[in-house]
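Participant: Here it is, the structure, as structure tokens.
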Amino acid sequence: RFYQNHLQDGLSLSDALVDAQRWLRESTVEEMALADHHYYLYCKSGGRDKLALDNWQYYSTHPKEVPFEHPFHWAAFTYTGPVAH
């Protein structure tokens, strides 16, 4: 999301990071298509990836969950450099 914000959408590096962190913090399973992603991984593994299966089953039944809202998932990413205004 950070690179999309910066390279495709033209946001400054600091704004791209802030927006990417917000997106990760606030997005639902459904918005991130996590069930579809894990189903793809499960199928690609030939049905051998148990973790992908477990995640697919969980995310399929919890589409409104916000799985990465805890700062553990997004707070470590930082930008150091000039801030364009």
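Order determines the names: the first chain of the structure tokens is A, the second B, and so forth; residues in each chain are numbered 1 upward, and ligands are numbered 1 upward as they are shown.
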Skipping near chain neighbours, those fewer than 2 positions away, what residues fall within 12 Å of Tyr3 of chain A using only C-alpha atoms, listed as a list in words?

Facilitator: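 Neighbouring residues, sequence-local ones excluded: Arg1, Asn5, His6, Leu7, Gln8, Asp9, Gly10, Leu11, Ser12, Leu13, Ser14, Asp15, Ala16, Leu17, Val18, Asp19 and Ala20 of chain A.
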
Participant: Taking 6 positions as the minimum chain separation for residues in the same chain, which residues sit within 10 Å of Glu30 of chain A when counting only C-alpha atoms? Answer as JSON, numbers by chain.

Facilitator: {"A": [36, 59, 60, 62, 63, 64, 65, 66]}

Participant: What does the distance between atom CA of Ala75 of chain A and atom CA of Phe2 of chain A come to in Å, to one decimal place?

Facilitator: 13.5 Å

Participant: Compile the contact shell of Phe77 of chain A as a PyMOL selection string: residues with an atom at most 9 Å away, counting only C-alpha atoms, same-chain residues fewer than 3 positions apart removed.

Facilitator: chain A and resi 17+21+73-74

Participant: For Ala35 of chain A, which residue out of A:Trp56, A:Thr61, A:Gly47, A:Trp23 is the nearest one, using only C-alpha atoms?

Facilitator: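 Nearest candidate to Ala35 of chain A out of A:Trp56, A:Thr61, A:Gly47, A:Trp23: A:Trp56.
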
Participant: Need to verify the contact set: Ser27 of chain A, 8 Å, only C-alpha atoms, exclusion of same-chain residues closer than 2 positions in sequence. Can you return it as a list of chain:residue names?

Facilitator: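 Contacts, with the query itself left out: A:Trp23, A:Leu24, A:Arg25, A:Val29, A:Glu31, A:Met32, A:Val66, A:Pro67, A:Phe68.
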
Participant: Give me a file of those residues, with C-alpha atoms, as a PDB file, in the first residue's frame.

Facilitator:
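Printed below is out-v5.pdb as written:
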```pdb
ATOM      1  CA  TRP A  23      -5.320   1.531   5.831  1.00  0.00           C
ATOM      2  CA  LEU A  24      -3.744  -1.471   7.564  1.00  0.00           C
ATOM      3  CA  ARG A  25      -5.093  -0.397  10.952  1.00  0.00           C
ATOM      4  CA  VAL A  29     -10.872  -8.878   6.245  1.00  0.00           C
ATOM      5  CA  GLU A  31     -11.735  -5.100   2.253  1.00  0.00           C
ATOM      6  CA  MET A  32      -8.345  -6.825   2.103  1.00  0.00           C
ATOM      7  CA  VAL A  66     -10.177  -5.750  11.522  1.00  0.00           C
ATOM      8  CA  PRO A  67      -7.216  -8.109  11.894  1.00  0.00           C
ATOM      9  CA  PHE A  68      -4.316  -5.652  11.926  1.00  0.00           C
TER      10      PHE A  68
END
```

Participant: Quick one: everything within 7 Å of Ala52 of chain A, counting only C-alpha atoms, minus sequence neighbours fewer than 4 positions away in the same chain. Send it as a VMD selection string.

Facilitator: chain A and resid 38 to 39 41 to 42 56

Participant: Write to file, as a PDB file, in the first residue's frame, the residues of the selection just made, with N, CA, C and O atoms.

Facilitator:
```
ATOM      1  N   HIS A  38      -6.114 -16.436   1.054  1.00  0.00           N
ATOM      2  CA  HIS A  38      -5.739 -17.691   1.702  1.00  0.00           C
ATOM      3  C   HIS A  38      -6.319 -18.899   0.971  1.00  0.00           C
ATOM      4  O   HIS A  38      -5.693 -19.966   0.953  1.00  0.00           O
ATOM      5  N   TYR A  39      -7.473 -18.727   0.354  1.00  0.00           N
ATOM      6  CA  TYR A  39      -8.018 -19.811  -0.471  1.00  0.00           C
ATOM      7  C   TYR A  39      -7.093 -20.068  -1.663  1.00  0.00           C
ATOM      8  O   TYR A  39      -6.796 -21.213  -2.003  1.00  0.00           O
ATOM      9  N   LEU A  41      -3.869 -19.494  -1.766  1.00  0.00           N
ATOM     10  CA  LEU A  41      -2.669 -20.161  -1.254  1.00  0.00           C
ATOM     11  C   LEU A  41      -2.926 -21.636  -0.991  1.00  0.00           C
ATOM     12  O   LEU A  41      -2.079 -22.493  -1.283  1.00  0.00           O
ATOM     13  N   TYR A  42      -4.099 -21.917  -0.434  1.00  0.00           N
ATOM     14  CA  TYR A  42      -4.450 -23.309  -0.154  1.00  0.00           C
ATOM     15  C   TYR A  42      -4.535 -24.116  -1.451  1.00  0.00           C
ATOM     16  O   TYR A  42      -3.972 -25.205  -1.551  1.00  0.00           O
ATOM     17  N   TRP A  56      -8.219 -19.400   5.727  1.00  0.00           N
ATOM     18  CA  TRP A  56      -9.341 -19.240   4.799  1.00  0.00           C
ATOM     19  C   TRP A  56     -10.666 -19.493   5.514  1.00  0.00           C
ATOM     20  O   TRP A  56     -11.604 -18.701   5.382  1.00  0.00           O
TER      21      TRP A  56
END
```

Participant: Quote the spacing between atom CA of Ala33 of chain A and atom CA of Lys50 of chain A in Å to one decimal place.

Facilitator: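 Taking atom CA of Ala33 of chain A and atom CA of Lys50 of chain A, their separation equals 18.8 Å.
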